[in-house]
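Undergrad: As input, take final-v1.cif (mmCIF, N, CA and C atoms):
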```cif
data_target
loop_
_atom_site.label_atom_id
_atom_site.label_comp_id
_atom_site.auth_asym_id
_atom_site.auth_seq_id
_atom_site.Cartn_x
_atom_site.Cartn_y
_atom_site.Cartn_z
N MET A 1 3.81 -5.37 -9.72
CA MET A 1 2.62 -6.20 -9.53
C MET A 1 1.42 -5.45 -10.11
N ASN A 2 0.58 -6.16 -10.82
CA ASN A 2 -0.63 -5.56 -11.38
C ASN A 2 -1.55 -5.12 -10.25
N PRO A 3 -2.26 -4.01 -10.47
CA PRO A 3 -3.18 -3.56 -9.43
C PRO A 3 -4.32 -4.55 -9.22
N ALA A 4 -4.92 -4.46 -8.07
CA ALA A 4 -6.05 -5.34 -7.74
C ALA A 4 -7.18 -5.11 -8.74
N ARG A 5 -7.94 -6.18 -9.03
CA ARG A 5 -9.07 -6.08 -9.96
C ARG A 5 -10.34 -5.69 -9.24
N ASP A 6 -10.29 -5.61 -7.94
CA ASP A 6 -11.43 -5.23 -7.12
C ASP A 6 -11.02 -4.02 -6.29
N PRO A 7 -11.59 -2.85 -6.55
CA PRO A 7 -11.18 -1.66 -5.79
C PRO A 7 -11.46 -1.77 -4.28
N ASP A 8 -12.33 -2.69 -3.89
CA ASP A 8 -12.67 -2.86 -2.48
C ASP A 8 -12.01 -4.11 -1.88
N PHE A 9 -10.88 -4.53 -2.46
CA PHE A 9 -10.24 -5.78 -2.02
C PHE A 9 -9.84 -5.74 -0.55
N ARG A 10 -9.45 -4.59 -0.04
CA ARG A 10 -9.03 -4.52 1.37
C ARG A 10 -10.18 -4.89 2.31
N SER A 11 -11.36 -4.37 2.06
CA SER A 11 -12.52 -4.69 2.90
C SER A 11 -12.87 -6.16 2.82
N ARG A 12 -12.79 -6.73 1.62
CA ARG A 12 -13.10 -8.14 1.43
C ARG A 12 -12.11 -9.01 2.21
N ILE A 13 -10.84 -8.65 2.16
CA ILE A 13 -9.82 -9.43 2.87
C ILE A 13 -9.94 -9.24 4.37
N GLN A 14 -10.21 -8.03 4.81
CA GLN A 14 -10.40 -7.79 6.25
C GLN A 14 -11.56 -8.61 6.79
N ALA A 15 -12.64 -8.70 6.04
CA ALA A 15 -13.80 -9.49 6.47
C ALA A 15 -13.46 -10.98 6.51
N ALA A 16 -12.75 -11.47 5.50
CA ALA A 16 -12.36 -12.88 5.48
C ALA A 16 -11.41 -13.19 6.63
N PHE A 17 -10.48 -12.31 6.89
CA PHE A 17 -9.53 -12.50 7.98
C PHE A 17 -10.28 -12.55 9.32
N ALA A 18 -11.20 -11.62 9.51
CA ALA A 18 -11.97 -11.56 10.77
C ALA A 18 -12.83 -12.80 10.97
N ALA A 19 -13.22 -13.47 9.88
CA ALA A 19 -14.07 -14.65 9.98
C ALA A 19 -13.29 -15.92 10.32
N GLN A 20 -11.98 -15.85 10.35
CA GLN A 20 -11.17 -17.04 10.63
C GLN A 20 -11.00 -17.23 12.13
N GLY A 21 -11.60 -18.27 12.64
CA GLY A 21 -11.46 -18.58 14.05
C GLY A 21 -10.03 -18.88 14.45
N LEU A 22 -9.28 -19.53 13.57
CA LEU A 22 -7.90 -19.87 13.90
C LEU A 22 -7.03 -18.63 14.07
N MET A 23 -7.25 -17.64 13.24
CA MET A 23 -6.48 -16.40 13.40
C MET A 23 -6.78 -15.75 14.75
N ALA A 24 -8.03 -15.79 15.17
CA ALA A 24 -8.38 -15.25 16.49
C ALA A 24 -7.71 -16.07 17.59
N THR A 25 -7.70 -17.39 17.44
CA THR A 25 -7.06 -18.25 18.43
C THR A 25 -5.57 -17.96 18.55
N LEU A 26 -4.92 -17.71 17.42
CA LEU A 26 -3.48 -17.42 17.42
C LEU A 26 -3.16 -15.98 17.81
N GLY A 27 -4.19 -15.13 17.86
CA GLY A 27 -3.94 -13.71 18.11
C GLY A 27 -3.37 -13.01 16.90
N GLY A 28 -3.66 -13.54 15.71
CA GLY A 28 -3.15 -12.97 14.47
C GLY A 28 -3.74 -11.60 14.18
N ARG A 29 -2.90 -10.76 13.60
CA ARG A 29 -3.33 -9.40 13.20
C ARG A 29 -2.98 -9.18 11.74
N LEU A 30 -3.92 -8.61 11.02
CA LEU A 30 -3.70 -8.24 9.63
C LEU A 30 -3.02 -6.88 9.63
N VAL A 31 -1.75 -6.84 9.32
CA VAL A 31 -0.95 -5.63 9.43
C VAL A 31 -0.97 -4.82 8.14
N LEU A 32 -0.89 -5.52 6.99
CA LEU A 32 -0.79 -4.84 5.70
C LEU A 32 -1.50 -5.65 4.64
N VAL A 33 -2.27 -4.96 3.81
CA VAL A 33 -2.85 -5.57 2.61
C VAL A 33 -2.65 -4.57 1.49
N ALA A 34 -1.97 -5.01 0.45
CA ALA A 34 -1.74 -4.20 -0.74
C ALA A 34 -1.87 -5.15 -1.93
N PRO A 35 -2.02 -4.62 -3.14
CA PRO A 35 -2.14 -5.52 -4.28
C PRO A 35 -0.95 -6.49 -4.36
N GLY A 36 -1.27 -7.78 -4.23
CA GLY A 36 -0.25 -8.81 -4.32
C GLY A 36 0.61 -8.98 -3.10
N ARG A 37 0.26 -8.32 -1.99
CA ARG A 37 1.07 -8.40 -0.77
C ARG A 37 0.18 -8.47 0.47
N CYS A 38 0.69 -9.14 1.50
CA CYS A 38 -0.03 -9.21 2.77
C CYS A 38 0.97 -9.47 3.89
N GLU A 39 0.74 -8.83 5.02
CA GLU A 39 1.55 -9.07 6.22
C GLU A 39 0.63 -9.36 7.39
N ILE A 40 0.97 -10.44 8.10
CA ILE A 40 0.21 -10.86 9.28
C ILE A 40 1.20 -11.10 10.40
N ASP A 41 0.85 -10.69 11.63
CA ASP A 41 1.74 -11.00 12.75
C ASP A 41 0.95 -11.55 13.93
N ALA A 42 1.68 -12.10 14.89
CA ALA A 42 1.08 -12.64 16.11
C ALA A 42 2.11 -12.55 17.23
N ASP A 43 1.67 -12.13 18.39
CA ASP A 43 2.54 -12.05 19.55
C ASP A 43 2.85 -13.44 20.09
N PHE A 44 4.02 -13.58 20.67
CA PHE A 44 4.39 -14.82 21.34
C PHE A 44 3.44 -15.04 22.51
N ALA A 45 3.04 -16.28 22.71
CA ALA A 45 2.19 -16.67 23.85
C ALA A 45 2.52 -18.12 24.18
N PRO A 46 2.45 -18.50 25.44
CA PRO A 46 2.78 -19.89 25.82
C PRO A 46 1.96 -20.93 25.06
N GLY A 47 0.74 -20.59 24.67
CA GLY A 47 -0.10 -21.54 23.95
C GLY A 47 0.30 -21.72 22.49
N LEU A 48 1.30 -21.00 22.01
CA LEU A 48 1.73 -21.08 20.62
C LEU A 48 3.10 -21.74 20.48
N THR A 49 3.53 -22.45 21.52
CA THR A 49 4.88 -22.99 21.54
C THR A 49 4.94 -24.49 21.28
N GLN A 50 6.13 -24.93 20.95
CA GLN A 50 6.42 -26.35 20.91
C GLN A 50 7.15 -26.70 22.21
N HIS A 51 7.67 -27.89 22.33
CA HIS A 51 8.20 -28.38 23.60
C HIS A 51 9.47 -27.69 24.08
N HIS A 52 10.13 -26.90 23.22
CA HIS A 52 11.31 -26.14 23.65
C HIS A 52 10.97 -24.70 24.01
N GLY A 53 9.69 -24.36 23.93
CA GLY A 53 9.28 -23.00 24.26
C GLY A 53 9.43 -22.00 23.13
N LEU A 54 9.61 -22.48 21.91
CA LEU A 54 9.72 -21.62 20.73
C LEU A 54 8.38 -21.58 20.02
N PHE A 55 8.21 -20.59 19.12
CA PHE A 55 7.01 -20.60 18.28
C PHE A 55 6.91 -21.96 17.60
N HIS A 56 5.73 -22.55 17.61
CA HIS A 56 5.48 -23.84 16.98
C HIS A 56 5.51 -23.69 15.46
N ALA A 57 6.04 -24.70 14.78
CA ALA A 57 6.09 -24.69 13.32
C ALA A 57 4.70 -24.54 12.71
N GLY A 58 3.69 -25.11 13.35
CA GLY A 58 2.32 -24.99 12.84
C GLY A 58 1.81 -23.56 12.87
N VAL A 59 2.23 -22.80 13.86
CA VAL A 59 1.85 -21.38 13.94
C VAL A 59 2.51 -20.61 12.80
N LEU A 60 3.80 -20.83 12.62
CA LEU A 60 4.53 -20.13 11.55
C LEU A 60 3.97 -20.49 10.18
N THR A 61 3.64 -21.77 9.98
CA THR A 61 3.07 -22.22 8.72
C THR A 61 1.71 -21.59 8.47
N THR A 62 0.88 -21.53 9.50
CA THR A 62 -0.45 -20.92 9.37
C THR A 62 -0.35 -19.45 9.00
N LEU A 63 0.54 -18.73 9.65
CA LEU A 63 0.70 -17.30 9.33
C LEU A 63 1.17 -17.13 7.89
N ALA A 64 2.14 -17.94 7.47
CA ALA A 64 2.65 -17.84 6.10
C ALA A 64 1.58 -18.21 5.07
N ASP A 65 0.84 -19.28 5.33
CA ASP A 65 -0.22 -19.72 4.42
C ASP A 65 -1.26 -18.61 4.25
N ASN A 66 -1.66 -18.00 5.34
CA ASN A 66 -2.64 -16.92 5.27
C ASN A 66 -2.08 -15.70 4.55
N ALA A 67 -0.82 -15.36 4.81
CA ALA A 67 -0.21 -14.21 4.13
C ALA A 67 -0.16 -14.44 2.62
N CYS A 68 0.18 -15.66 2.20
CA CYS A 68 0.18 -15.98 0.77
C CYS A 68 -1.24 -15.94 0.21
N GLY A 69 -2.16 -16.55 0.92
CA GLY A 69 -3.54 -16.61 0.44
C GLY A 69 -4.18 -15.24 0.27
N PHE A 70 -4.00 -14.38 1.25
CA PHE A 70 -4.60 -13.05 1.15
C PHE A 70 -3.87 -12.18 0.13
N ALA A 71 -2.57 -12.40 -0.06
CA ALA A 71 -1.86 -11.70 -1.13
C ALA A 71 -2.46 -12.07 -2.48
N ALA A 72 -2.72 -13.38 -2.69
CA ALA A 72 -3.33 -13.84 -3.94
C ALA A 72 -4.75 -13.32 -4.08
N MET A 73 -5.50 -13.35 -3.00
CA MET A 73 -6.90 -12.90 -3.02
C MET A 73 -7.01 -11.42 -3.39
N SER A 74 -5.99 -10.63 -3.03
CA SER A 74 -6.03 -9.19 -3.31
C SER A 74 -6.05 -8.88 -4.80
N LEU A 75 -5.63 -9.82 -5.63
CA LEU A 75 -5.56 -9.59 -7.07
C LEU A 75 -6.76 -10.15 -7.83
N LEU A 76 -7.69 -10.78 -7.11
CA LEU A 76 -8.85 -11.39 -7.77
C LEU A 76 -9.99 -10.38 -7.94
N PRO A 77 -10.91 -10.69 -8.84
CA PRO A 77 -12.09 -9.82 -8.99
C PRO A 77 -12.95 -9.85 -7.73
N ALA A 78 -13.87 -8.92 -7.65
CA ALA A 78 -14.79 -8.85 -6.50
C ALA A 78 -15.44 -10.21 -6.28
N GLY A 79 -15.49 -10.62 -5.02
CA GLY A 79 -16.10 -11.89 -4.66
C GLY A 79 -15.15 -13.07 -4.73
N GLY A 80 -13.99 -12.87 -5.34
CA GLY A 80 -13.04 -13.96 -5.49
C GLY A 80 -12.41 -14.36 -4.16
N GLU A 81 -12.23 -15.64 -3.98
CA GLU A 81 -11.58 -16.18 -2.79
C GLU A 81 -10.51 -17.15 -3.25
N VAL A 82 -9.71 -17.64 -2.31
CA VAL A 82 -8.67 -18.59 -2.66
C VAL A 82 -8.69 -19.78 -1.70
N LEU A 83 -8.13 -20.86 -2.19
CA LEU A 83 -7.87 -22.05 -1.38
C LEU A 83 -6.43 -22.45 -1.62
N SER A 84 -5.76 -22.94 -0.60
CA SER A 84 -4.40 -23.42 -0.76
C SER A 84 -4.43 -24.74 -1.52
N VAL A 85 -3.57 -24.87 -2.51
CA VAL A 85 -3.44 -26.10 -3.28
C VAL A 85 -2.25 -26.90 -2.76
N GLU A 86 -1.15 -26.21 -2.56
CA GLU A 86 0.05 -26.86 -2.01
C GLU A 86 0.98 -25.80 -1.46
N PHE A 87 1.85 -26.23 -0.56
CA PHE A 87 2.92 -25.34 -0.12
C PHE A 87 4.06 -26.16 0.45
N LYS A 88 5.21 -25.52 0.45
CA LYS A 88 6.40 -26.10 1.05
C LYS A 88 6.99 -25.05 1.97
N VAL A 89 7.31 -25.46 3.19
CA VAL A 89 7.90 -24.56 4.16
C VAL A 89 9.29 -25.07 4.52
N SER A 90 10.23 -24.17 4.53
CA SER A 90 11.57 -24.49 5.02
C SER A 90 11.80 -23.68 6.29
N PHE A 91 12.15 -24.39 7.35
CA PHE A 91 12.44 -23.73 8.63
C PHE A 91 13.95 -23.53 8.70
N LEU A 92 14.36 -22.29 8.85
CA LEU A 92 15.75 -21.91 8.72
C LEU A 92 16.51 -21.83 10.04
N ARG A 93 15.79 -21.50 11.10
CA ARG A 93 16.41 -21.43 12.44
C ARG A 93 15.31 -21.44 13.48
N PRO A 94 15.66 -21.67 14.74
CA PRO A 94 14.64 -21.68 15.80
C PRO A 94 13.92 -20.34 15.89
N ALA A 95 12.62 -20.40 16.10
CA ALA A 95 11.78 -19.20 16.11
C ALA A 95 11.60 -18.68 17.53
N SER A 96 12.63 -18.02 18.01
CA SER A 96 12.62 -17.44 19.35
C SER A 96 12.49 -15.93 19.24
N GLY A 97 11.39 -15.38 19.74
CA GLY A 97 11.18 -13.94 19.68
C GLY A 97 9.86 -13.57 20.29
N LEU A 98 9.54 -12.29 20.22
CA LEU A 98 8.31 -11.78 20.83
C LEU A 98 7.13 -11.73 19.88
N VAL A 99 7.41 -11.58 18.58
CA VAL A 99 6.36 -11.47 17.58
C VAL A 99 6.78 -12.26 16.34
N ALA A 100 5.88 -13.07 15.80
CA ALA A 100 6.11 -13.74 14.51
C ALA A 100 5.44 -12.89 13.43
N VAL A 101 6.16 -12.66 12.35
CA VAL A 101 5.68 -11.79 11.27
C VAL A 101 5.79 -12.54 9.95
N ALA A 102 4.68 -12.72 9.24
CA ALA A 102 4.68 -13.37 7.93
C ALA A 102 4.37 -12.34 6.86
N ARG A 103 5.25 -12.26 5.88
CA ARG A 103 5.07 -11.33 4.75
C ARG A 103 4.93 -12.14 3.48
N GLY A 104 3.72 -12.11 2.91
CA GLY A 104 3.44 -12.87 1.70
C GLY A 104 3.35 -11.97 0.49
N GLU A 105 3.71 -12.54 -0.66
CA GLU A 105 3.59 -11.81 -1.92
C GLU A 105 3.33 -12.78 -3.05
N VAL A 106 2.67 -12.28 -4.07
CA VAL A 106 2.39 -13.07 -5.26
C VAL A 106 3.61 -12.97 -6.17
N VAL A 107 4.13 -14.13 -6.55
CA VAL A 107 5.27 -14.20 -7.46
C VAL A 107 4.76 -14.18 -8.90
N LYS A 108 3.70 -14.98 -9.16
CA LYS A 108 3.10 -15.03 -10.49
C LYS A 108 1.59 -15.19 -10.33
N PRO A 109 0.84 -14.13 -10.63
CA PRO A 109 -0.61 -14.24 -10.55
C PRO A 109 -1.16 -15.00 -11.75
N GLY A 110 -2.33 -15.61 -11.53
CA GLY A 110 -3.00 -16.30 -12.62
C GLY A 110 -4.49 -16.29 -12.41
N ARG A 111 -5.23 -16.63 -13.47
CA ARG A 111 -6.68 -16.68 -13.37
C ARG A 111 -7.15 -17.77 -12.43
N THR A 112 -6.49 -18.92 -12.49
CA THR A 112 -6.88 -20.05 -11.66
C THR A 112 -5.87 -20.30 -10.54
N LEU A 113 -4.58 -20.33 -10.90
CA LEU A 113 -3.53 -20.59 -9.91
C LEU A 113 -2.61 -19.39 -9.79
N SER A 114 -2.27 -19.05 -8.57
CA SER A 114 -1.29 -18.00 -8.30
C SER A 114 -0.17 -18.61 -7.47
N PHE A 115 1.04 -18.24 -7.82
CA PHE A 115 2.22 -18.74 -7.12
C PHE A 115 2.73 -17.64 -6.20
N CYS A 116 2.91 -18.01 -4.94
CA CYS A 116 3.22 -17.04 -3.90
C CYS A 116 4.41 -17.49 -3.07
N ARG A 117 4.96 -16.55 -2.34
CA ARG A 117 5.98 -16.88 -1.34
C ARG A 117 5.74 -16.04 -0.11
N ALA A 118 6.20 -16.56 1.01
CA ALA A 118 6.14 -15.80 2.27
C ALA A 118 7.42 -16.04 3.03
N ASP A 119 7.90 -15.00 3.65
CA ASP A 119 9.00 -15.11 4.60
C ASP A 119 8.43 -14.85 5.98
N VAL A 120 8.89 -15.63 6.94
CA VAL A 120 8.43 -15.48 8.32
C VAL A 120 9.63 -15.07 9.17
N PHE A 121 9.44 -14.03 9.93
CA PHE A 121 10.46 -13.48 10.80
C PHE A 121 9.99 -13.54 12.24
N VAL A 122 10.91 -13.50 13.17
CA VAL A 122 10.56 -13.24 14.56
C VAL A 122 11.23 -11.92 14.95
N ARG A 123 10.49 -11.13 15.69
CA ARG A 123 10.96 -9.81 16.14
C ARG A 123 11.31 -9.89 17.61
N ASP A 124 12.45 -9.31 17.99
CA ASP A 124 12.85 -9.31 19.39
C ASP A 124 12.44 -8.01 20.07
N ALA A 125 12.80 -7.86 21.33
CA ALA A 125 12.40 -6.69 22.12
C ALA A 125 12.94 -5.38 21.55
N ALA A 126 14.07 -5.44 20.86
CA ALA A 126 14.67 -4.24 20.27
C ALA A 126 14.07 -3.90 18.91
N GLY A 127 13.17 -4.76 18.40
CA GLY A 127 12.56 -4.53 17.10
C GLY A 127 13.32 -5.15 15.95
N SER A 128 14.41 -5.83 16.23
CA SER A 128 15.20 -6.50 15.21
C SER A 128 14.48 -7.76 14.75
N GLU A 129 14.52 -8.05 13.45
CA GLU A 129 13.85 -9.22 12.89
C GLU A 129 14.86 -10.24 12.38
N THR A 130 14.53 -11.51 12.59
CA THR A 130 15.35 -12.62 12.12
C THR A 130 14.48 -13.53 11.26
N LEU A 131 14.95 -13.85 10.07
CA LEU A 131 14.23 -14.76 9.19
C LEU A 131 14.30 -16.18 9.76
N VAL A 132 13.13 -16.79 9.97
CA VAL A 132 13.09 -18.14 10.55
C VAL A 132 12.47 -19.18 9.62
N ALA A 133 11.70 -18.76 8.63
CA ALA A 133 11.06 -19.72 7.73
C ALA A 133 10.72 -19.04 6.42
N THR A 134 10.60 -19.85 5.38
CA THR A 134 10.16 -19.34 4.09
C THR A 134 9.21 -20.37 3.46
N MET A 135 8.22 -19.89 2.75
CA MET A 135 7.21 -20.74 2.14
C MET A 135 7.07 -20.42 0.67
N MET A 136 6.89 -21.46 -0.14
CA MET A 136 6.45 -21.32 -1.52
C MET A 136 5.08 -21.98 -1.57
N ALA A 137 4.10 -21.29 -2.17
CA ALA A 137 2.72 -21.78 -2.12
C ALA A 137 2.02 -21.58 -3.45
N THR A 138 1.06 -22.45 -3.72
CA THR A 138 0.18 -22.32 -4.87
C THR A 138 -1.23 -22.13 -4.33
N MET A 139 -1.88 -21.07 -4.79
CA MET A 139 -3.24 -20.74 -4.38
C MET A 139 -4.17 -20.85 -5.58
N MET A 140 -5.36 -21.40 -5.34
CA MET A 140 -6.35 -21.57 -6.39
C MET A 140 -7.50 -20.59 -6.18
N ALA A 141 -7.87 -19.88 -7.26
CA ALA A 141 -9.03 -19.01 -7.20
C ALA A 141 -10.27 -19.87 -7.03
N ALA A 142 -11.14 -19.45 -6.11
CA ALA A 142 -12.36 -20.23 -5.82
C ALA A 142 -13.52 -19.29 -5.59
N GLU A 143 -14.59 -19.49 -6.31
CA GLU A 143 -15.80 -18.72 -6.07
C GLU A 143 -16.59 -19.41 -4.97
N PRO A 144 -17.10 -18.66 -4.00
CA PRO A 144 -17.79 -19.28 -2.87
C PRO A 144 -18.90 -20.25 -3.27
N ASP A 145 -19.65 -19.94 -4.32
CA ASP A 145 -20.77 -20.80 -4.71
C ASP A 145 -20.30 -22.06 -5.42
N ARG A 146 -19.03 -22.17 -5.78
CA ARG A 146 -18.52 -23.34 -6.46
C ARG A 146 -17.84 -24.31 -5.50
N ARG A 147 -17.78 -23.98 -4.22
CA ARG A 147 -17.15 -24.88 -3.26
C ARG A 147 -18.19 -25.83 -2.83
#
```
Mind converting the file's structure to structure tokens?

TA:
Amino acid sequence: MNPARDPDFRSRIQAAFAAQGLMATLGGRLVLVAPGRCEIDADFAPGLTQHHGLFHAGVLTTLADNACGFAAMSLLPAGGEVLSVEFKVSFLRPASGLVAVARGEVVKPGRTLSFCRADVFVRDAAGSETLVATMMATMMAAEPDRR
């Protein structure tokens, strides 16, 4: 993966992550930010479940979308931001665990569109991870003053 075009990309992404009210609501944590990569996790909580008591698909999708978006944002020039254009999520098995972990990466960076993927795992008490969902996403570079 090409190195980030902004040497201060980590600070920019940390600030954007901290400004997201939804991430705070979900208890999301920014675990890793590297050029073209991002990892976000969230602890299991009763407020994040669906009717069977598992992590809700919307929670898993949100974590994956953010992991893809911040992975793409890490490769943009200073001030660059992203917006999701489209994504597809496949849910592979029930998301039963203590922590949901989304790992996003840029598959093909671009000036305007970047193609990303994220895998979402759930971690159990022993620290073992199980893949529960995967996302393919397209992110669009967006300058704040052009929105």

Undergrad: Given the file shown, enumerate the residues that the PyMOL selection byres (((chain A and resi 23 and name CA) around 12) and name CA) captures and present them as an MDAnalysis selection string.

TA: chainID A and resid 14 16:22 24:30 40:43 48 59:60 62:67

Undergrad: Any idea what's packed within 6.5 Å of segment 55-57 of chain A, counting only N, CA and C atoms, ignoring anything in its chain fewer than 4 positions away? Could you give it as a PyMOL selection string?

TA: chain A and resi 48-50+61-62+95-97

Undergrad: Around the point (-8.7, -17.7, -8.1) in the file's coordinates, collect all residues with an atom within 8 Å, using all atoms listed in the file, and return them as JSON, numbers by chain.

TA: {"A": [72, 73, 75, 76, 77, 80, 81, 82, 83, 110, 111, 112, 113, 114, 139, 140, 141, 142, 143]}

Undergrad: Using the chain letters and numbering of this document, enumerate as a PyMOL selection string the residues selected by the PyMOL selection byres (((chain A and resi 122 and name CA) around 6) and name CA).

TA: chain A and resi 97+99-100+121+123+129-130

Undergrad: Would you work out the distance separating atom C of Ala71 of chain A from atom CA of Ala34 of chain A, expressed in Å to one decimal?

TA: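 About the pair atom C of Ala71 of chain A and atom CA of Ala34 of chain A: they are 8.1 Å apart.
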
Undergrad: What is the atom N of Glu105 of chain A to atom N of Pro46 of chain A distance in Å?

TA: 26.8 Å

Undergrad: Starting from the point (-10.7, -2.7, -4.8), work out which residues of protein, DNA or RNA have an atom no more than 12 Å away when counting only C-alpha atoms; state them as a ChimeraX atom specification.

TA: /A:3-13,33-35,73-80

Undergrad: Output the selection as a PDB file, in the coordinates of the input - N, CA and C atoms for each residue.

TA:
```pdb
ATOM      1  N   PRO A   3      -2.260  -4.010 -10.470  1.00  0.00           N
ATOM      2  CA  PRO A   3      -3.180  -3.560  -9.430  1.00  0.00           C
ATOM      3  C   PRO A   3      -4.320  -4.550  -9.220  1.00  0.00           C
ATOM      4  N   ALA A   4      -4.920  -4.460  -8.070  1.00  0.00           N
ATOM      5  CA  ALA A   4      -6.050  -5.340  -7.740  1.00  0.00           C
ATOM      6  C   ALA A   4      -7.180  -5.110  -8.740  1.00  0.00           C
ATOM      7  N   ARG A   5      -7.940  -6.180  -9.030  1.00  0.00           N
ATOM      8  CA  ARG A   5      -9.070  -6.080  -9.960  1.00  0.00           C
ATOM      9  C   ARG A   5     -10.340  -5.690  -9.240  1.00  0.00           C
ATOM     10  N   ASP A   6     -10.290  -5.610  -7.940  1.00  0.00           N
ATOM     11  CA  ASP A   6     -11.430  -5.230  -7.120  1.00  0.00           C
ATOM     12  C   ASP A   6     -11.020  -4.020  -6.290  1.00  0.00           C
ATOM     13  N   PRO A   7     -11.590  -2.850  -6.550  1.00  0.00           N
ATOM     14  CA  PRO A   7     -11.180  -1.660  -5.790  1.00  0.00           C
ATOM     15  C   PRO A   7     -11.460  -1.770  -4.280  1.00  0.00           C
ATOM     16  N   ASP A   8     -12.330  -2.690  -3.890  1.00  0.00           N
ATOM     17  CA  ASP A   8     -12.670  -2.860  -2.480  1.00  0.00           C
ATOM     18  C   ASP A   8     -12.010  -4.110  -1.880  1.00  0.00           C
ATOM     19  N   PHE A   9     -10.880  -4.530  -2.460  1.00  0.00           N
ATOM     20  CA  PHE A   9     -10.240  -5.780  -2.020  1.00  0.00           C
ATOM     21  C   PHE A   9      -9.840  -5.740  -0.550  1.00  0.00           C
ATOM     22  N   ARG A  10      -9.450  -4.590  -0.040  1.00  0.00           N
ATOM     23  CA  ARG A  10      -9.030  -4.520   1.370  1.00  0.00           C
ATOM     24  C   ARG A  10     -10.180  -4.890   2.310  1.00  0.00           C
ATOM     25  N   SER A  11     -11.360  -4.370   2.060  1.00  0.00           N
ATOM     26  CA  SER A  11     -12.520  -4.690   2.900  1.00  0.00           C
ATOM     27  C   SER A  11     -12.870  -6.160   2.820  1.00  0.00           C
ATOM     28  N   ARG A  12     -12.790  -6.730   1.620  1.00  0.00           N
ATOM     29  CA  ARG A  12     -13.100  -8.140   1.430  1.00  0.00           C
ATOM     30  C   ARG A  12     -12.110  -9.010   2.210  1.00  0.00           C
ATOM     31  N   ILE A  13     -10.840  -8.650   2.160  1.00  0.00           N
ATOM     32  CA  ILE A  13      -9.820  -9.430   2.870  1.00  0.00           C
ATOM     33  C   ILE A  13      -9.940  -9.240   4.370  1.00  0.00           C
ATOM     34  N   VAL A  33      -2.270  -4.960   3.810  1.00  0.00           N
ATOM     35  CA  VAL A  33      -2.850  -5.570   2.610  1.00  0.00           C
ATOM     36  C   VAL A  33      -2.650  -4.570   1.490  1.00  0.00           C
ATOM     37  N   ALA A  34      -1.970  -5.010   0.450  1.00  0.00           N
ATOM     38  CA  ALA A  34      -1.740  -4.200  -0.740  1.00  0.00           C
ATOM     39  C   ALA A  34      -1.870  -5.150  -1.930  1.00  0.00           C
ATOM     40  N   PRO A  35      -2.020  -4.620  -3.140  1.00  0.00           N
ATOM     41  CA  PRO A  35      -2.140  -5.520  -4.280  1.00  0.00           C
ATOM     42  C   PRO A  35      -0.950  -6.490  -4.360  1.00  0.00           C
ATOM     43  N   MET A  73      -5.500 -13.350  -3.000  1.00  0.00           N
ATOM     44  CA  MET A  73      -6.900 -12.900  -3.020  1.00  0.00           C
ATOM     45  C   MET A  73      -7.010 -11.420  -3.390  1.00  0.00           C
ATOM     46  N   SER A  74      -5.990 -10.630  -3.030  1.00  0.00           N
ATOM     47  CA  SER A  74      -6.030  -9.190  -3.310  1.00  0.00           C
ATOM     48  C   SER A  74      -6.050  -8.880  -4.800  1.00  0.00           C
ATOM     49  N   LEU A  75      -5.630  -9.820  -5.630  1.00  0.00           N
ATOM     50  CA  LEU A  75      -5.560  -9.590  -7.070  1.00  0.00           C
ATOM     51  C   LEU A  75      -6.760 -10.150  -7.830  1.00  0.00           C
ATOM     52  N   LEU A  76      -7.690 -10.780  -7.110  1.00  0.00           N
ATOM     53  CA  LEU A  76      -8.850 -11.390  -7.770  1.00  0.00           C
ATOM     54  C   LEU A  76      -9.990 -10.380  -7.940  1.00  0.00           C
ATOM     55  N   PRO A  77     -10.910 -10.690  -8.840  1.00  0.00           N
ATOM     56  CA  PRO A  77     -12.090  -9.820  -8.990  1.00  0.00           C
ATOM     57  C   PRO A  77     -12.950  -9.850  -7.730  1.00  0.00           C
ATOM     58  N   ALA A  78     -13.870  -8.920  -7.650  1.00  0.00           N
ATOM     59  CA  ALA A  78     -14.790  -8.850  -6.500  1.00  0.00           C
ATOM     60  C   ALA A  78     -15.440 -10.210  -6.280  1.00  0.00           C
ATOM     61  N   GLY A  79     -15.490 -10.620  -5.020  1.00  0.00           N
ATOM     62  CA  GLY A  79     -16.100 -11.890  -4.660  1.00  0.00           C
ATOM     63  C   GLY A  79     -15.150 -13.070  -4.730  1.00  0.00           C
ATOM     64  N   GLY A  80     -13.990 -12.870  -5.340  1.00  0.00           N
ATOM     65  CA  GLY A  80     -13.040 -13.960  -5.490  1.00  0.00           C
ATOM     66  C   GLY A  80     -12.410 -14.360  -4.160  1.00  0.00           C
TER      67      GLY A  80
END
```

Undergrad: What is the atom CA of Leu131 of chain A to atom C of Lys88 of chain A distance in Å?

TA: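 Atom C of Lys88 of chain A lies at a distance of 14.5 Å from atom CA of Leu131 of chain A.
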
Undergrad: Residue by residue, what does the PyMOL selection byres ((chain A and resi 39) around 5) grab here? Present the result as a PyMOL selection string.

TA: chain A and resi 30-32+37-38+40-41+102-104

Undergrad: Please extract the residues of segment 10-39 of chain A with a backbone DSSP assignment of strand (DSSP E or B) and present them as a list in words.

TA: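 Taking segment 10-39 of chain A and keeping strand (DSSP E or B) only, one gets Arg29, Leu30, Val31, Leu32, Val33, Ala34, Arg37, Cys38 and Glu39 of chain A.
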
Undergrad: Counting only C-alpha atoms, which residue out of A:Ala15, A:Ala126, A:Val120, A:Ala45 sits closest to Leu92 of chain A?

TA: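 The shortest atom-to-atom distance to Leu92 of chain A comes from A:Val120.
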
Undergrad: Assign secondary structure with DSSP using the backbone only, and return the residues of chain A in alpha helix (DSSP H) as a PyMOL selection string.

TA: chain A and resi 9-18+21-26+57-73

Undergrad: Taking into account only N, CA and C atoms, which residue in the set A:Leu54, A:Val85, A:Ala133, A:Ala125 is nearest to Leu98 of chain A?

TA: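 Under the stated criterion, the closest residue is A:Ala125.
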
Undergrad: When you count all atoms listed in the file, which of these residues is closest to Thr134 of chain A: A:Ser84, A:Pro109, A:Val89, A:Gly69?

TA: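 Residue with the minimum atom-to-atom distance to Thr134 of chain A: A:Val89.
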